[in-house]
>>> print(open('upload.txt').read())   # compact mmCIF, C-alpha atoms
# COMPACT_ATOMS: atom_id res chain seq x y z
CA MET A 45 45.15 -6.18 -8.63
CA VAL A 46 45.04 -2.73 -7.01
CA PHE A 47 42.28 -1.58 -9.38
CA GLU A 48 40.30 -4.76 -8.61
CA LYS A 49 40.49 -4.06 -4.85
CA ILE A 50 39.39 -0.46 -5.39
CA ARG A 51 36.47 -1.64 -7.56
CA ARG A 52 35.36 -4.15 -4.92
CA ARG A 53 35.66 -1.52 -2.18
CA ASN A 54 33.48 0.87 -4.20
CA ILE A 55 30.86 -1.85 -4.76
CA LEU A 56 30.79 -2.68 -1.04
CA ARG A 57 30.54 1.03 -0.15
CA ARG A 58 27.61 1.50 -2.51
CA LEU A 59 25.86 -1.57 -1.12
CA ALA A 60 26.37 -0.25 2.42
CA ILE A 61 24.85 3.12 1.46
CA PHE A 62 21.92 1.36 -0.25
CA PHE A 63 21.15 -0.74 2.83
CA MET A 64 21.32 2.37 5.04
CA ILE A 65 18.83 4.15 2.78
CA LEU A 66 16.66 1.06 2.24
CA GLY A 67 13.18 1.44 3.71
CA PRO A 68 10.70 4.08 2.47
CA GLY A 69 10.15 2.58 -0.99
CA ILE A 70 9.90 -1.04 0.14
CA ILE A 71 7.67 -0.24 3.12
CA THR A 72 5.29 1.99 1.14
CA GLY A 73 5.02 -0.55 -1.66
CA SER A 74 4.55 -3.51 0.68
CA VAL A 75 1.71 -1.87 2.59
CA ASP A 76 -0.10 -1.87 -0.76
CA ASN A 77 -0.59 -5.61 -0.22
CA ASP A 78 -2.84 -5.05 2.79
CA ALA A 79 -6.03 -6.92 3.69
CA GLY A 80 -7.97 -5.01 1.00
CA GLY A 81 -5.30 -5.63 -1.63
CA ILE A 82 -5.02 -9.33 -0.77
CA THR A 83 -8.81 -9.63 -1.00
CA THR A 84 -8.83 -7.94 -4.44
CA TYR A 85 -6.07 -10.17 -5.83
CA SER A 86 -7.68 -13.30 -4.31
CA VAL A 87 -11.12 -12.53 -5.74
CA ALA A 88 -9.62 -11.79 -9.19
CA GLY A 89 -7.73 -15.10 -9.20
CA ALA A 90 -10.74 -17.07 -8.01
CA ILE A 91 -13.14 -15.59 -10.59
CA TYR A 92 -10.93 -15.06 -13.65
CA GLY A 93 -8.05 -17.47 -13.12
CA TYR A 94 -4.84 -16.23 -14.76
CA LYS A 95 -6.60 -13.90 -17.23
CA LEU A 96 -6.07 -10.64 -15.29
CA ILE A 97 -2.46 -11.13 -14.20
CA TRP A 98 -1.40 -8.77 -17.01
CA THR A 99 -2.87 -5.82 -15.04
CA LEU A 100 0.13 -6.03 -12.69
CA ILE A 101 2.44 -4.72 -15.46
CA PRO A 102 0.81 -1.25 -15.87
CA SER A 103 0.31 -1.16 -12.09
CA PHE A 104 4.06 -1.65 -11.64
CA ILE A 105 4.93 1.18 -14.06
CA VAL A 106 2.48 3.63 -12.47
CA LEU A 107 3.67 2.77 -8.96
CA ILE A 108 7.32 3.52 -9.81
CA VAL A 109 6.49 6.83 -11.53
CA ILE A 110 4.34 8.17 -8.70
CA GLN A 111 6.65 7.07 -5.87
CA GLU A 112 9.74 8.49 -7.59
CA MET A 113 8.09 11.91 -7.84
CA ASN A 114 7.04 11.78 -4.19
CA ALA A 115 10.55 10.87 -3.04
CA ARG A 116 12.16 13.59 -5.19
CA MET A 117 9.75 16.23 -3.90
CA GLY A 118 10.41 15.20 -0.29
CA ILE A 119 14.20 15.22 -0.72
CA VAL A 120 14.31 18.60 -2.50
CA THR A 121 11.83 20.53 -0.34
CA GLY A 122 12.31 18.83 3.03
CA LYS A 123 8.53 19.17 3.41
CA GLY A 124 5.71 16.66 3.36
CA LEU A 125 3.09 16.71 0.61
CA ALA A 126 0.46 17.85 3.12
CA ALA A 127 2.46 20.92 4.13
CA LEU A 128 3.10 21.81 0.48
CA ILE A 129 -0.61 21.53 -0.37
CA ARG A 130 -1.51 23.77 2.58
CA GLU A 131 1.06 26.40 1.60
CA ASN A 132 0.01 26.48 -2.07
CA ALA A 133 -3.72 25.65 -2.07
CA GLY A 134 -4.85 27.40 1.10
CA ILE A 135 -6.35 26.19 4.36
CA ARG A 136 -9.97 25.80 3.11
CA ILE A 137 -9.18 23.31 0.33
CA THR A 138 -6.69 21.58 2.62
CA PHE A 139 -9.37 21.18 5.32
CA PHE A 140 -11.84 19.37 3.03
CA ILE A 141 -9.13 17.13 1.50
CA PHE A 142 -7.85 16.04 4.87
CA ILE A 143 -11.22 15.49 6.51
CA GLY A 144 -11.88 13.03 3.68
CA LEU A 145 -8.46 11.42 4.13
CA LEU A 146 -9.03 11.09 7.89
CA LEU A 147 -12.35 9.28 7.36
CA SER A 148 -10.73 7.09 4.71
CA GLY A 149 -7.84 6.33 7.09
CA ILE A 150 -10.23 5.15 9.80
CA GLY A 151 -12.14 2.99 7.30
CA ASN A 152 -8.94 1.47 5.88
CA THR A 153 -7.51 0.75 9.35
CA THR A 154 -10.79 -0.93 10.34
CA THR A 155 -10.42 -3.18 7.29
CA GLU A 156 -6.90 -4.14 8.45
CA PHE A 157 -8.19 -5.15 11.89
CA ALA A 158 -10.84 -7.21 10.11
CA GLY A 159 -7.93 -8.98 8.38
CA VAL A 160 -6.27 -9.60 11.76
CA ALA A 161 -9.51 -11.01 13.18
CA GLY A 162 -10.26 -13.21 10.14
CA SER A 163 -6.76 -14.66 9.80
CA MET A 164 -6.44 -15.49 13.50
CA GLU A 165 -9.86 -17.17 13.55
CA ILE A 166 -8.38 -19.73 11.13
CA PHE A 167 -5.84 -20.56 13.86
CA GLY A 168 -8.61 -20.76 16.46
CA VAL A 169 -8.02 -17.36 18.11
CA ASN A 170 -11.13 -15.29 18.86
CA LYS A 171 -11.23 -11.70 17.57
CA TYR A 172 -11.87 -10.40 21.11
CA ILE A 173 -8.36 -11.60 21.93
CA SER A 174 -6.45 -11.04 18.66
CA VAL A 175 -7.63 -7.49 17.88
CA PRO A 176 -6.94 -5.89 21.32
CA VAL A 177 -3.56 -7.66 21.61
CA VAL A 178 -2.45 -6.53 18.13
CA ALA A 179 -3.74 -2.98 18.70
CA ILE A 180 -1.75 -2.69 21.95
CA LEU A 181 1.44 -4.13 20.41
CA VAL A 182 1.16 -1.80 17.40
CA TRP A 183 0.61 1.20 19.69
CA ILE A 184 3.67 0.34 21.81
CA LEU A 185 5.84 -0.09 18.69
CA VAL A 186 4.94 3.35 17.33
CA VAL A 187 4.59 5.42 20.50
CA LYS A 188 7.42 3.92 22.56
CA GLY A 189 9.82 2.99 19.74
CA THR A 190 11.97 5.05 17.39
CA TYR A 191 11.82 5.44 13.62
CA LYS A 192 14.88 3.18 13.13
CA ILE A 193 13.41 0.37 15.26
CA ALA A 194 9.99 0.67 13.58
CA GLU A 195 11.55 0.71 10.10
CA ARG A 196 13.55 -2.48 10.74
CA ILE A 197 10.43 -4.27 11.98
CA PHE A 198 8.46 -3.01 8.97
CA LEU A 199 11.14 -4.40 6.62
CA ILE A 200 10.89 -7.81 8.32
CA PHE A 201 7.10 -7.65 7.84
CA SER A 202 7.71 -6.90 4.14
CA LEU A 203 9.84 -10.05 3.78
CA SER A 204 7.17 -12.12 5.55
CA LEU A 205 4.76 -11.37 2.69
CA LEU A 206 6.84 -13.70 0.51
CA THR A 207 5.01 -16.58 2.25
CA TYR A 208 2.49 -16.19 -0.59
CA VAL A 209 5.09 -17.64 -2.93
CA VAL A 210 4.85 -20.89 -0.92
CA SER A 211 1.03 -20.92 -1.11
CA ALA A 212 1.13 -20.41 -4.88
CA ILE A 213 3.68 -23.17 -5.53
CA MET A 214 1.69 -25.61 -3.38
CA GLY A 215 -1.29 -24.94 -5.65
CA LYS A 216 0.69 -26.45 -8.60
CA PRO A 217 0.01 -23.64 -11.12
CA ASP A 218 0.14 -24.02 -14.90
CA TRP A 219 3.15 -21.79 -15.71
CA LYS A 220 2.63 -22.11 -19.48
CA GLU A 221 -0.94 -20.79 -19.16
CA ILE A 222 0.31 -17.97 -16.91
CA GLY A 223 2.89 -16.96 -19.54
CA THR A 224 0.22 -16.97 -22.27
CA ALA A 225 -2.10 -14.81 -20.11
CA ILE A 226 0.67 -12.21 -19.67
CA ILE A 227 1.90 -12.15 -23.28
CA HIS A 228 -1.61 -12.20 -24.81
CA PRO A 229 -3.83 -10.26 -22.36
CA HIS A 230 -7.57 -10.80 -22.62
CA VAL A 231 -10.21 -8.37 -21.37
CA GLU A 232 -13.81 -9.45 -21.08
CA ILE A 233 -16.04 -6.46 -21.85
CA SER A 234 -18.56 -6.45 -19.02
CA THR A 235 -19.30 -4.27 -16.01
CA ARG A 236 -18.08 -6.99 -13.65
CA SER A 237 -14.76 -7.68 -15.38
CA MET A 238 -14.01 -4.00 -16.00
CA SER A 239 -14.74 -3.26 -12.34
CA MET A 240 -12.24 -5.94 -11.40
CA VAL A 241 -9.57 -4.51 -13.75
CA ILE A 242 -10.15 -1.07 -12.25
CA ALA A 243 -9.91 -2.47 -8.72
CA LEU A 244 -6.65 -4.33 -9.52
CA VAL A 245 -4.94 -1.26 -11.01
CA GLY A 246 -6.52 1.13 -8.51
CA THR A 247 -5.48 -0.87 -5.46
CA THR A 248 -1.84 -0.11 -6.35
CA ILE A 249 -2.22 3.65 -5.86
CA ALA A 250 -3.96 5.09 -2.79
CA PRO A 251 -4.01 8.73 -1.59
CA TRP A 252 -2.31 7.95 1.75
CA MET A 253 0.72 6.43 -0.05
CA GLN A 254 1.74 9.76 -1.54
CA PHE A 255 1.87 11.40 1.88
CA TYR A 256 3.57 8.52 3.67
CA MET A 257 6.29 8.08 1.06
CA GLN A 258 7.22 11.76 1.16
CA SER A 259 7.11 11.96 4.97
CA SER A 260 9.25 8.82 5.41
CA VAL A 261 11.92 10.20 3.04
CA ILE A 262 12.06 13.35 5.16
CA GLU A 263 12.03 11.37 8.43
CA LYS A 264 15.04 9.40 7.18
CA GLY A 265 16.88 12.65 6.34
CA LEU A 266 17.69 11.75 2.73
CA LYS A 267 19.40 14.25 0.37
CA MET A 268 19.72 14.55 -3.41
CA LYS A 269 23.16 12.90 -3.22
CA ASN A 270 21.25 9.79 -2.06
CA TYR A 271 18.74 10.02 -4.94
CA LYS A 272 19.99 7.07 -7.03
CA TYR A 273 19.92 4.82 -3.95
CA THR A 274 16.44 6.04 -3.06
CA LEU A 275 15.32 5.27 -6.61
CA ALA A 276 16.76 1.76 -6.27
CA ASP A 277 14.83 1.35 -2.99
CA ILE A 278 11.63 2.39 -4.79
CA VAL A 279 12.21 -0.03 -7.67
CA VAL A 280 12.97 -2.92 -5.29
CA GLY A 281 9.82 -2.07 -3.31
CA CYS A 282 7.67 -1.96 -6.43
CA ILE A 283 9.07 -5.28 -7.67
CA ALA A 284 8.40 -6.90 -4.29
CA THR A 285 4.86 -5.51 -4.28
CA VAL A 286 4.02 -6.86 -7.72
CA VAL A 287 5.69 -10.23 -7.04
CA VAL A 288 3.57 -10.75 -3.91
CA ALA A 289 0.41 -9.68 -5.78
CA PHE A 290 1.31 -12.06 -8.63
CA PHE A 291 1.65 -15.09 -6.34
CA ILE A 292 -1.57 -14.28 -4.46
CA MET A 293 -3.44 -14.28 -7.79
CA VAL A 294 -1.65 -17.47 -8.89
CA ALA A 295 -2.47 -19.24 -5.59
CA CYS A 296 -6.20 -18.59 -6.02
CA ALA A 297 -6.27 -18.98 -9.82
CA SER A 298 -4.66 -22.44 -9.69
CA THR A 299 -6.90 -23.83 -6.93
CA LEU A 300 -10.17 -21.93 -6.46
CA HIS A 301 -10.89 -20.98 -10.11
CA PRO A 302 -10.83 -24.55 -11.58
CA ASN A 303 -13.26 -25.63 -8.84
CA GLY A 304 -15.65 -22.72 -9.41
CA ILE A 305 -15.15 -21.33 -5.89
CA GLU A 306 -15.89 -17.61 -5.58
CA ILE A 307 -14.95 -15.67 -2.47
CA LYS A 308 -15.73 -12.31 -0.87
CA ALA A 309 -12.75 -11.87 1.47
CA ALA A 310 -9.12 -12.97 1.87
CA LYS A 311 -10.14 -15.14 4.84
CA ASP A 312 -12.46 -17.11 2.52
CA ALA A 313 -9.50 -17.76 0.19
CA ALA A 314 -7.40 -19.15 3.03
CA LEU A 315 -10.22 -21.44 4.18
CA SER A 316 -10.96 -22.66 0.65
CA LEU A 317 -7.31 -23.53 -0.02
CA GLY A 318 -7.34 -26.20 2.72
CA PRO A 319 -9.34 -28.93 0.92
CA LEU A 320 -7.70 -28.15 -2.45
CA ALA A 321 -4.00 -27.57 -1.70
CA GLY A 322 -3.68 -28.89 1.85
CA GLU A 323 -4.00 -27.38 5.31
CA LEU A 324 -0.41 -26.08 5.21
CA ALA A 325 -1.20 -23.96 2.13
CA SER A 326 -4.29 -22.62 3.92
CA GLN A 327 -2.31 -21.76 7.05
CA VAL A 328 0.54 -20.15 5.11
CA PHE A 329 -1.99 -17.98 3.24
CA ALA A 330 -3.68 -17.03 6.54
CA PHE A 331 -0.31 -16.21 8.10
CA GLY A 332 0.49 -13.91 5.18
CA LEU A 333 -2.87 -12.18 5.66
CA PHE A 334 -2.16 -11.78 9.39
CA ILE A 335 1.29 -10.24 8.81
CA ALA A 336 -0.03 -7.93 6.05
CA SER A 337 -2.92 -6.79 8.27
CA ILE A 338 -0.65 -6.00 11.25
CA PHE A 339 1.78 -4.22 8.95
CA SER A 340 -0.93 -2.07 7.41
CA ALA A 341 -2.73 -1.52 10.73
CA THR A 342 0.52 0.09 11.86
CA ILE A 343 1.30 2.14 8.75
CA LEU A 344 -2.15 3.41 7.69
CA PRO A 345 -3.06 5.27 10.93
CA LEU A 346 0.57 6.42 11.12
CA ALA A 347 0.38 7.86 7.60
CA THR A 348 -2.97 9.49 8.39
CA ALA A 349 -1.62 11.09 11.58
CA PHE A 350 1.47 12.27 9.66
CA PHE A 351 -0.33 14.07 6.86
CA VAL A 352 -3.15 15.54 8.96
CA CYS A 353 -0.65 17.03 11.43
CA GLU A 354 1.54 18.30 8.57
CA ALA A 355 -1.47 19.86 6.87
CA PHE A 356 -2.37 21.91 9.93
CA GLY A 357 1.14 22.75 11.09
CA PHE A 358 1.44 20.38 14.08
CA GLU A 359 4.68 18.59 14.95
CA ALA A 360 4.82 15.00 13.69
CA GLY A 361 7.39 12.20 13.66
CA LEU A 362 8.29 8.90 15.30
CA ASP A 363 11.54 10.28 16.69
CA LYS A 364 9.68 12.99 18.61
CA LYS A 365 8.52 12.36 22.18
CA TRP A 366 4.86 12.53 23.22
CA ASP A 367 5.22 16.07 24.65
CA GLU A 368 6.95 17.27 21.47
CA ALA A 369 4.25 15.95 19.10
CA LYS A 370 1.18 15.55 21.31
CA GLU A 371 -1.38 16.10 18.51
CA PHE A 372 0.38 13.51 16.31
CA TYR A 373 0.34 10.77 18.95
CA ILE A 374 -3.19 11.55 20.15
CA LEU A 375 -4.49 11.36 16.58
CA TYR A 376 -2.62 8.09 15.92
CA THR A 377 -3.96 6.57 19.15
CA GLY A 378 -7.50 7.76 18.35
CA ILE A 379 -7.53 6.22 14.85
CA LEU A 380 -6.16 2.93 16.21
CA LEU A 381 -8.67 2.84 19.07
CA VAL A 382 -11.74 3.72 16.99
CA SER A 383 -10.86 1.17 14.29
CA ALA A 384 -10.27 -1.64 16.81
CA ILE A 385 -13.51 -0.88 18.67
CA ILE A 386 -15.54 -0.98 15.42
CA ILE A 387 -14.26 -4.52 14.71
CA LEU A 388 -15.22 -5.66 18.20
CA ILE A 389 -18.83 -4.47 17.81
CA PRO A 390 -21.05 -7.53 17.13
CA ASN A 391 -22.42 -7.50 13.55
CA ALA A 392 -20.50 -4.34 12.66
CA PRO A 393 -21.17 -3.27 9.02
CA LEU A 394 -17.65 -4.08 7.82
CA ILE A 395 -18.47 -4.41 4.12
CA PRO A 396 -20.15 -0.96 3.89
CA ILE A 397 -17.23 0.55 5.83
CA SER A 398 -14.75 -1.00 3.39
CA ILE A 399 -16.76 0.11 0.34
CA TRP A 400 -17.17 3.69 1.55
CA SER A 401 -13.47 4.01 2.41
CA GLN A 402 -12.70 2.93 -1.17
CA VAL A 403 -15.21 5.43 -2.55
CA ILE A 404 -13.56 8.23 -0.55
CA ASN A 405 -10.16 7.08 -1.84
CA GLY A 406 -11.54 7.12 -5.39
CA ILE A 407 -12.80 10.68 -5.03
CA LEU A 408 -9.65 12.02 -3.36
CA LEU A 409 -7.00 10.27 -5.46
CA PRO A 410 -7.37 12.48 -8.57
CA VAL A 411 -7.31 15.62 -6.39
CA VAL A 412 -4.14 14.52 -4.57
CA LEU A 413 -2.36 13.49 -7.79
CA LEU A 414 -3.27 16.75 -9.53
CA CYS A 415 -1.89 18.72 -6.57
CA MET A 416 1.28 16.66 -6.66
CA MET A 417 1.85 17.13 -10.40
CA LEU A 418 1.28 20.89 -10.17
CA LEU A 419 3.64 21.21 -7.20
CA ILE A 420 6.48 19.17 -8.69
CA ASN A 421 6.48 21.37 -11.82
CA LYS A 422 6.88 24.65 -9.92
CA LYS A 423 10.47 25.94 -10.12
CA ARG A 424 9.82 28.08 -7.05
CA ILE A 425 9.42 24.84 -5.08
CA MET A 426 11.60 22.31 -6.93
CA GLY A 427 14.27 24.51 -8.54
CA VAL A 428 16.22 22.56 -11.17
CA HIS A 429 14.59 19.32 -10.02
CA VAL A 430 11.20 19.91 -11.67
CA ASN A 431 9.95 17.15 -13.94
CA GLY A 432 11.59 16.87 -17.34
CA GLN A 433 9.51 16.54 -20.50
CA THR A 434 9.63 12.73 -20.53
CA THR A 435 8.78 12.46 -16.83
CA ASN A 436 5.88 14.87 -17.31
CA ILE A 437 4.48 12.85 -20.20
CA ILE A 438 4.62 9.68 -18.12
CA GLY A 439 3.38 11.45 -14.98
CA TRP A 440 0.43 13.24 -16.59
CA SER A 441 -0.50 10.09 -18.52
CA ALA A 442 -0.54 8.15 -15.25
CA VAL A 443 -2.67 10.86 -13.65
CA VAL A 444 -5.16 10.89 -16.55
CA VAL A 445 -5.44 7.08 -16.50
CA LEU A 446 -5.87 6.98 -12.72
CA ILE A 447 -8.49 9.74 -12.84
CA GLY A 448 -10.33 7.76 -15.52
CA LEU A 449 -10.11 4.56 -13.46
CA SER A 450 -11.26 6.33 -10.29
CA ALA A 451 -14.20 7.90 -12.14
CA ALA A 452 -15.13 4.56 -13.70
CA LEU A 453 -14.91 2.87 -10.29
CA LEU A 454 -17.57 5.27 -9.04
CA ILE A 455 -19.75 5.26 -12.19
CA LEU A 456 -19.76 1.56 -13.23
CA PRO A 457 -21.75 0.31 -10.20
CA LEU A 458 -24.63 2.63 -11.27
CA PHE A 459 -25.01 0.69 -14.54
CA SER A 460 -24.95 -2.71 -12.84
CA ARG A 461 -28.11 -2.04 -10.82
>>> encode(input="upload.txt", output="structure tokens")
Amino acid sequence: MVFEKIRRRNILRRLAIFFMILGPGIITGSVDNDAGGITTYSVAGAIYGYKLIWTLIPSFIVLIVIQEMNARMGIVTGKGLAALIRENAGIRITFFIFIGLLLSGIGNTTTEFAGVAGSMEIFGVNKYISVPVVAILVWILVVKGTYKIAERIFLIFSLSLLTYVVSAIMGKPDWKEIGTAIIHPHVEISTRSMSMVIALVGTTIAPWMQFYMQSSVIEKGLKMKNYKYTLADIVVGCIATVVVAFFIMVACASTLHPNGIEIKAAKDAALSLGPLAGELASQVFAFGLFIASIFSATILPLATAFFVCEAFGFEAGLDKKWDEAKEFYILYTGILLVSAIIILIPNAPLIPISIWSQVINGILLPVVLLCMMLLINKKRIMGVHVNGQTTNIIGWSAVVVLIGLSAALLILPLFSR
């Protein structure tokens, strides 16, 4: 009886520690399902049905490997990835990397505000109302709040993404066909299908994620004694990310694909679901897009401000006041303001902006991952916590595959002209 009480007490203590540490992994993973990610999954489901759902399995493995290394590096060094790159690669290389990341951050944030505008138009709210209101609320949350408050709100946003489960079930999917598509994957050899596979796997890993994950671990003050709980947070976050992506694909594959409906944006998917699965399914899908877009419109400029300030030695952090981290808050405000204004410009070239931000991501991702792998294997930086042989094999394999995918993403469009 005594031993049973002790065992229960230990379980409760571990759960309490886990919930205290919970945050960085889930938030970073969930932001992956932003307006761009939702669009990619929706388009894949609409065009190919259930055939490409298998791509979520390698995406899940790669996501865990990369995020674990980021978290470990942040815990051991107490420094962000940007600061480590500056210290080891020099200011010149750092400057060019982070100018590219800044431009990409603005492009990605603009895409998120496009998601806000598109989703709210389904509910009859004009973009000239929705975008400014969301931008102001997001700014207040980050600038006037604290890291703990922001993190709790971000976790609620992450849970809200599970609304896509409802949309998928309302579409009455063929679960047997889904199981067959996963167990016996099929790849159509064509420029279009290969581009879609690349986009699905590539949307899981973005350059900004590496910097945000490491910075958030530091901001939370985690230590190596918390490592196993941090790893659990990462795994839970990755599972949640892939589950949401799975149900987005299922929702579109079970409704749009059988009816031959192709789409270009997540908003189109929400509108098309109405006549096929009912208005409620359409509205639930649109609500998920709205929440994801707000979530990402908060995190992406925040991540960009974090790593740019770290790279050039400026103070950064949500728990610092405006006077203590002036450059950080000015940069965050600037990215938010520029992105919102672009969306409000009539006939703004949103598709080219989205494409070019992805191109910049594709070019920078291999550079960032190479820097990360080199840094995490330096004993001078990581001590006894450098990668082991198995981790290195998995890590370098992931890097090689991602470099190949990024290169293909840039080269394949040239052959389709």
>>> closest_residue(input="upload.txt", among="A:Ser163, A:Thr155, A:Thr285, A:Thr348", to="A:Ile101", atoms="all atoms listed in the file")
A:Thr285
>>> closest_residue(input="upload.txt", among="A:Leu413, A:Ile105, A:Ile242, A:Ile82", to="A:Ala451", atoms="only C-alpha atoms")
A:Ile242
>>> residues_around(input="upload.txt", residues="A:Gly432", least_positions_apart="2", cutoff="12 Å", atoms="all atoms listed in the file", output="list in words")
Met113, Met417, Ile420, Asn421, Lys422, Lys423, Met426, Gly427, Val428, His429, Val430, Thr434, Thr435, Asn436, Ile437, Ile438, Gly439 and Trp440 of chain A
>>> residues_around(input="upload.txt", residues="A:Ala126", least_positions_apart="5", cutoff="12 Å", atoms="all atoms listed in the file", output="ChimeraX atom specification")
/A:114,117-118,131-135,137-139,141-142,145,251-259,347-358,360,412,415-416,419
>>> closest_residue(input="upload.txt", among="A:Ile249, A:Val187, A:Leu333, A:Ala161", to="A:Ser174", atoms="only C-alpha atoms")
A:Ala161
>>> residues_around(input="upload.txt", residues="A:Asp78", least_positions_apart="3", cutoff="10 Å", atoms="all atoms listed in the file", output="ChimeraX atom specification")
/A:74-75,81-84,152-153,155-156,159,205,247,332-341,344
>>> residues_around(input="upload.txt", residues="stretch 375-377 of chain A", least_positions_apart="2", cutoff="7 Å", atoms="all atoms listed in the file", output="PyMOL selection string")
chain A and resi 345-346+349+371-373+379-381
>>> closest_residue(input="upload.txt", among="A:Leu315, A:Val443, A:Ala179, A:Ala250", to="A:Cys296", atoms="all atoms listed in the file")
A:Leu315
>>> atom_distance(input="upload.txt", atom1="atom CA of A:Gly122", atom2="atom CA of A:Asn405")
25.8 Å
>>> closest_residue(input="upload.txt", among="A:Val245, A:Ile143, A:Leu275, A:Met214", to="A:Phe291", atoms="all atoms listed in the file")
A:Met214
>>> atom_distance(input="upload.txt", atom1="atom CA of A:Ile222", atom2="atom CA of A:Gly89")
11.5 Å
>>> closest_residue(input="upload.txt", among="A:Ile166, A:Ile447, A:Ile262, A:Met240", to="A:Ser316", atoms="only C-alpha atoms")
A:Ile166
>>> atom_distance(input="upload.txt", atom1="atom CA of A:Arg424", atom2="atom CA of A:Glu112")
19.6 Å
>>> axis_aligned_box(input="upload.txt", around="stretch 370-389 of chain A", padding_each_side="4 Å", output="AutoDock Vina command-line options")
--center_x -8.8 --center_y 5.2 --center_z 17.8 --size_x 28.0 --size_y 29.8 --size_z 15.0
>>> decode(input="upload.txt", residues="stretch 135-149 of chain A", atoms="N, CA and C atoms", output="mmCIF file, in the first residue's frame")
data_model
loop_
_atom_site.group_PDB
_atom_site.id
_atom_site.type_symbol
_atom_site.label_atom_id
_atom_site.label_comp_id
_atom_site.auth_asym_id
_atom_site.auth_seq_id
_atom_site.Cartn_x
_atom_site.Cartn_y
_atom_site.Cartn_z
ATOM 1 N N ILE A 135 30.430 37.465 -38.909
ATOM 2 C CA ILE A 135 29.360 38.437 -39.117
ATOM 3 C C ILE A 135 28.927 38.543 -40.578
ATOM 4 N N ARG A 136 29.850 38.348 -41.527
ATOM 5 C CA ARG A 136 29.509 38.516 -42.953
ATOM 6 C C ARG A 136 28.515 37.446 -43.416
ATOM 7 N N ILE A 137 28.813 36.179 -43.126
ATOM 8 C CA ILE A 137 27.908 35.089 -43.497
ATOM 9 C C ILE A 137 26.579 35.246 -42.754
ATOM 10 N N THR A 138 26.679 35.607 -41.480
ATOM 11 C CA THR A 138 25.479 35.816 -40.668
ATOM 12 C C THR A 138 24.586 36.884 -41.280
ATOM 13 N N PHE A 139 25.190 37.966 -41.750
ATOM 14 C CA PHE A 139 24.426 39.086 -42.326
ATOM 15 C C PHE A 139 23.580 38.623 -43.517
ATOM 16 N N PHE A 140 24.193 37.889 -44.447
ATOM 17 C CA PHE A 140 23.471 37.451 -45.646
ATOM 18 C C PHE A 140 22.378 36.429 -45.311
ATOM 19 N N ILE A 141 22.672 35.521 -44.361
ATOM 20 C CA ILE A 141 21.656 34.534 -43.950
ATOM 21 C C ILE A 141 20.439 35.239 -43.377
ATOM 22 N N PHE A 142 20.683 36.225 -42.521
ATOM 23 C CA PHE A 142 19.571 36.817 -41.791
ATOM 24 C C PHE A 142 18.835 37.905 -42.562
ATOM 25 N N ILE A 143 19.457 38.474 -43.570
ATOM 26 C CA ILE A 143 18.712 39.355 -44.478
ATOM 27 C C ILE A 143 17.684 38.517 -45.243
ATOM 28 N N GLY A 144 18.135 37.326 -45.692
ATOM 29 C CA GLY A 144 17.220 36.414 -46.378
ATOM 30 C C GLY A 144 16.097 35.951 -45.472
ATOM 31 N N LEU A 145 16.423 35.618 -44.222
ATOM 32 C CA LEU A 145 15.408 35.176 -43.273
ATOM 33 C C LEU A 145 14.418 36.287 -42.924
ATOM 34 N N LEU A 146 14.897 37.527 -42.876
ATOM 35 C CA LEU A 146 14.017 38.676 -42.606
ATOM 36 C C LEU A 146 13.003 38.859 -43.736
ATOM 37 N N LEU A 147 13.488 38.795 -44.987
ATOM 38 C CA LEU A 147 12.583 38.923 -46.137
ATOM 39 C C LEU A 147 11.583 37.770 -46.168
ATOM 40 N N SER A 148 12.072 36.572 -45.868
ATOM 41 C CA SER A 148 11.196 35.401 -45.817
ATOM 42 C C SER A 148 10.155 35.559 -44.719
ATOM 43 N N GLY A 149 10.565 36.095 -43.563
ATOM 44 C CA GLY A 149 9.652 36.296 -42.441
ATOM 45 C C GLY A 149 8.526 37.252 -42.792
#
